[in-house]
Amino acid sequence: MQAASQAYQAVQYAVADNVATLTLNRPAQRNALDQVMREELGDIVAAVRRDREIKVLIIQGAGGAFCAGGDIRTMTSDTAADGARDRMLNLQVVIADLLNLDRPVIAVVDGPAYGAGLGLALTADLVLASPRARFCLSFLRLGAVPDCGVFYTLPRIVGLQRAKELAFSTREFGAQEARDMGIVFEVHAESQVHERAQALAASMSQLPLAALSLTKRLFNASLNSDMNTMLDLEAAGQGIARSTEYHRVAAARFLQKEPPLYQWPAATPPA
């Protein structure tokens with residue numbers, strides 16, 4: 001697949017070797033979400049969903065920050081309830097598209113991920129962080145409620161009591177505590193975390209799209225389903241997966257003791 005890129009105002013977007021990289025690019029504002037960034041995020045996520053050549057999406061921030069949350073200047077320009085609700089509904093379409101994207105999503109948090117920035121990071125399947133990553137559910141400081149899907153994602157990752165504590169305290173916590181809570185998958189030095197994300201993405205881009213998409217979808221469904229439903233979905237998914245050419249080739253290679261088609265990349269030394 002040929003490398004491709006497109007110019008945007010508040011983000012950068014590039015595709016190379018079946019991996020899409022979306023970079024939040026308002027470093028002077030620590031990549032805070034304004035209306036332009038929200039619209040561009042929506043355009044890009046929709047484009048990724050349509051492009052079946054893209055196998056993995058990486059989300060990162062420019063200038064030593066992931067995302068400082070919503071741009072407060074845009075919050076105070078219009079305080080009407082209906083306008084705020086409309087803006088949130090538009091952003092929620094992007095959040096739902098990311099959560100339901102049938103490809104792996106990797107978030108690289110190198111610097112602050114506050115408020116909506118934390119919510120955006122939680123849409124990823126894997127979150128990598130550097131030691132200077134800082135997380136904070138800061139909404140109540142501003143008299144706001146958590147958004148960007150946090151009410152859905154966070155309790156499922158850290159548990160209900162811990163999610164309430166993070167919301168009520170509005171405290172900042174670092175990469176290692178985030179890893180201990182299950183928010184962060186791996187912590188790597190600033191000089192290595194982006195390289196690690198690219199290595200994971202390059203490896204996962206070799207996975208069979210049909211089986212991977214089903215696996216992600218079924219894991220997500222399991223959070224709201226009963227055992228019998230999941231067993232039925234598992235059986236149906238397996239029927240689809242085992243009918244693919246990838247499965248036929250991979251099984252033949254196994255029987256012939258040939259190297260597998262896919263291998264998880266070895267980890268770089270942790271930070």
# chains A, B, ... in the order shown; residues from 1 in each chain; ligands from 1
>>> residues_around(residues="stretch 171-181 of chain A", least_positions_apart="4", cutoff="7 Å", atoms="only C-alpha atoms", output="PDB file with N, CA and C atoms, in the first residue's frame")
ATOM      1  N   ALA A 129       1.872   4.462  27.001  1.00  0.00           N
ATOM      2  CA  ALA A 129       2.154   5.731  27.672  1.00  0.00           C
ATOM      3  C   ALA A 129       3.644   5.871  27.915  1.00  0.00           C
ATOM      4  N   SER A 130       4.072   7.118  27.981  1.00  0.00           N
ATOM      5  CA  SER A 130       5.440   7.432  28.388  1.00  0.00           C
ATOM      6  C   SER A 130       5.413   7.824  29.862  1.00  0.00           C
ATOM      7  N   PRO A 131       6.578   7.883  30.512  1.00  0.00           N
ATOM      8  CA  PRO A 131       6.599   8.259  31.931  1.00  0.00           C
ATOM      9  C   PRO A 131       6.064   9.670  32.197  1.00  0.00           C
ATOM     10  N   ALA A 133       3.394  10.863  30.843  1.00  0.00           N
ATOM     11  CA  ALA A 133       1.940  10.866  30.663  1.00  0.00           C
ATOM     12  C   ALA A 133       1.260  11.223  31.983  1.00  0.00           C
ATOM     13  N   ARG A 134       0.232  12.044  31.879  1.00  0.00           N
ATOM     14  CA  ARG A 134      -0.560  12.430  33.044  1.00  0.00           C
ATOM     15  C   ARG A 134      -2.021  12.332  32.681  1.00  0.00           C
ATOM     16  N   PHE A 135      -2.783  11.667  33.546  1.00  0.00           N
ATOM     17  CA  PHE A 135      -4.195  11.440  33.296  1.00  0.00           C
ATOM     18  C   PHE A 135      -5.019  12.143  34.368  1.00  0.00           C
ATOM     19  N   CYS A 136      -6.181  12.632  33.978  1.00  0.00           N
ATOM     20  CA  CYS A 136      -7.033  13.306  34.962  1.00  0.00           C
ATOM     21  C   CYS A 136      -8.463  13.377  34.439  1.00  0.00           C
ATOM     22  N   VAL A 158     -11.740  -0.021  35.111  1.00  0.00           N
ATOM     23  CA  VAL A 158     -11.194   0.102  36.470  1.00  0.00           C
ATOM     24  C   VAL A 158     -12.180  -0.321  37.549  1.00  0.00           C
ATOM     25  N   LEU A 166     -12.051   8.527  40.785  1.00  0.00           N
ATOM     26  CA  LEU A 166     -11.305   9.351  39.836  1.00  0.00           C
ATOM     27  C   LEU A 166     -12.121  10.564  39.407  1.00  0.00           C
ATOM     28  N   PHE A 185      -1.665  -0.110  28.776  1.00  0.00           N
ATOM     29  CA  PHE A 185      -1.180  -1.449  28.456  1.00  0.00           C
ATOM     30  C   PHE A 185       0.316  -1.574  28.728  1.00  0.00           C
ATOM     31  N   GLU A 186       1.102  -0.635  28.230  1.00  0.00           N
ATOM     32  CA  GLU A 186       2.549  -0.643  28.432  1.00  0.00           C
ATOM     33  C   GLU A 186       3.044   0.777  28.638  1.00  0.00           C
ATOM     34  N   VAL A 187       4.135   0.894  29.390  1.00  0.00           N
ATOM     35  CA  VAL A 187       4.812   2.183  29.588  1.00  0.00           C
ATOM     36  C   VAL A 187       6.202   2.079  28.979  1.00  0.00           C
TER      37      VAL A 187
END
>>> select_by_dssp(residues="stretch 75-247 of chain A", states="alpha helix (DSSP H)", output="ChimeraX atom specification")
/A:75-76,81-100,116-121,150-158,160-169,175-181,190-204,209-222,227-241,245-247
>>> residues_around(residues="stretch 35-43 of chain A", least_positions_apart="6", cutoff="8 Å", atoms="only C-alpha atoms", output="list in words")
Tyr8, Gln9, Ala10, Val11, Leu24, Thr74, Leu91, Val93 and Val94 of chain A
>>> residues_around(residues="stretch 59-67 of chain A", least_positions_apart="5", cutoff="7 Å", atoms="only C-alpha atoms", output="list in words")
Thr21, Leu22, Thr23, Leu24, Asn25, Pro27, Arg30, Asn31, Ala32, Ile106, Ala107, Val108, Val109, Asp110, Gly111, Pro112, Ala113, Tyr114 and Gly117 of chain A
>>> atom_distance(atom1="atom CA of A:Ile54", atom2="atom CA of A:Asp102")
10.5 Å
>>> closest_residue(among="A:Gln263, A:Gln92, A:Asn100, A:Ser191", to="A:Ser205", atoms="only C-alpha atoms")
A:Gln263
>>> closest_residue(among="A:Ala211, A:Leu160, A:Val150, A:Ala202", to="A:Val56", atoms="only C-alpha atoms")
A:Ala202
>>> select_by_dssp(residues="stretch 25-267 of chain A", states="strand (DSSP E)", output="ChimeraX atom specification")
/A:56-61,105-109,112-114,126-129,134-136,172-174,186-187
>>> write_last_selection(atoms="C-alpha atoms", output="PDB file, in the first residue's frame")
ATOM      1  CA  VAL A  56      -4.679  -0.462  12.326  1.00  0.00           C
ATOM      2  CA  LEU A  57      -5.299   3.099  13.592  1.00  0.00           C
ATOM      3  CA  ILE A  58      -2.836   4.958  15.847  1.00  0.00           C
ATOM      4  CA  ILE A  59      -4.005   8.080  17.721  1.00  0.00           C
ATOM      5  CA  GLN A  60      -1.353  10.360  19.216  1.00  0.00           C
ATOM      6  CA  GLY A  61      -0.705  14.000  20.059  1.00  0.00           C
ATOM      7  CA  VAL A 105      -6.915   1.227  17.733  1.00  0.00           C
ATOM      8  CA  ILE A 106      -3.710   2.182  19.582  1.00  0.00           C
ATOM      9  CA  ALA A 107      -3.481   5.393  21.622  1.00  0.00           C
ATOM     10  CA  VAL A 108      -0.045   6.829  22.434  1.00  0.00           C
ATOM     11  CA  VAL A 109      -0.224   9.085  25.503  1.00  0.00           C
ATOM     12  CA  PRO A 112      -1.335  15.093  29.516  1.00  0.00           C
ATOM     13  CA  ALA A 113      -4.606  13.297  28.759  1.00  0.00           C
ATOM     14  CA  TYR A 114      -7.157  15.323  30.678  1.00  0.00           C
ATOM     15  CA  LEU A 126      -4.352  -0.617  23.595  1.00  0.00           C
ATOM     16  CA  VAL A 127      -3.030   2.483  25.366  1.00  0.00           C
ATOM     17  CA  LEU A 128       0.725   3.044  25.414  1.00  0.00           C
ATOM     18  CA  ALA A 129       2.154   5.731  27.672  1.00  0.00           C
ATOM     19  CA  ARG A 134      -0.560  12.430  33.044  1.00  0.00           C
ATOM     20  CA  PHE A 135      -4.195  11.440  33.296  1.00  0.00           C
ATOM     21  CA  CYS A 136      -7.033  13.306  34.962  1.00  0.00           C
ATOM     22  CA  GLU A 172      -4.043  13.606  38.421  1.00  0.00           C
ATOM     23  CA  PHE A 173      -2.380  10.202  38.134  1.00  0.00           C
ATOM     24  CA  GLY A 174       0.646   9.003  36.253  1.00  0.00           C
ATOM     25  CA  GLU A 186       2.549  -0.643  28.432  1.00  0.00           C
ATOM     26  CA  VAL A 187       4.812   2.183  29.588  1.00  0.00           C
TER      27      VAL A 187
END
>>> closest_residue(among="A:Met88, A:Leu218, A:Val145, A:Ala267", to="A:Asp34", atoms="only C-alpha atoms")
A:Met88
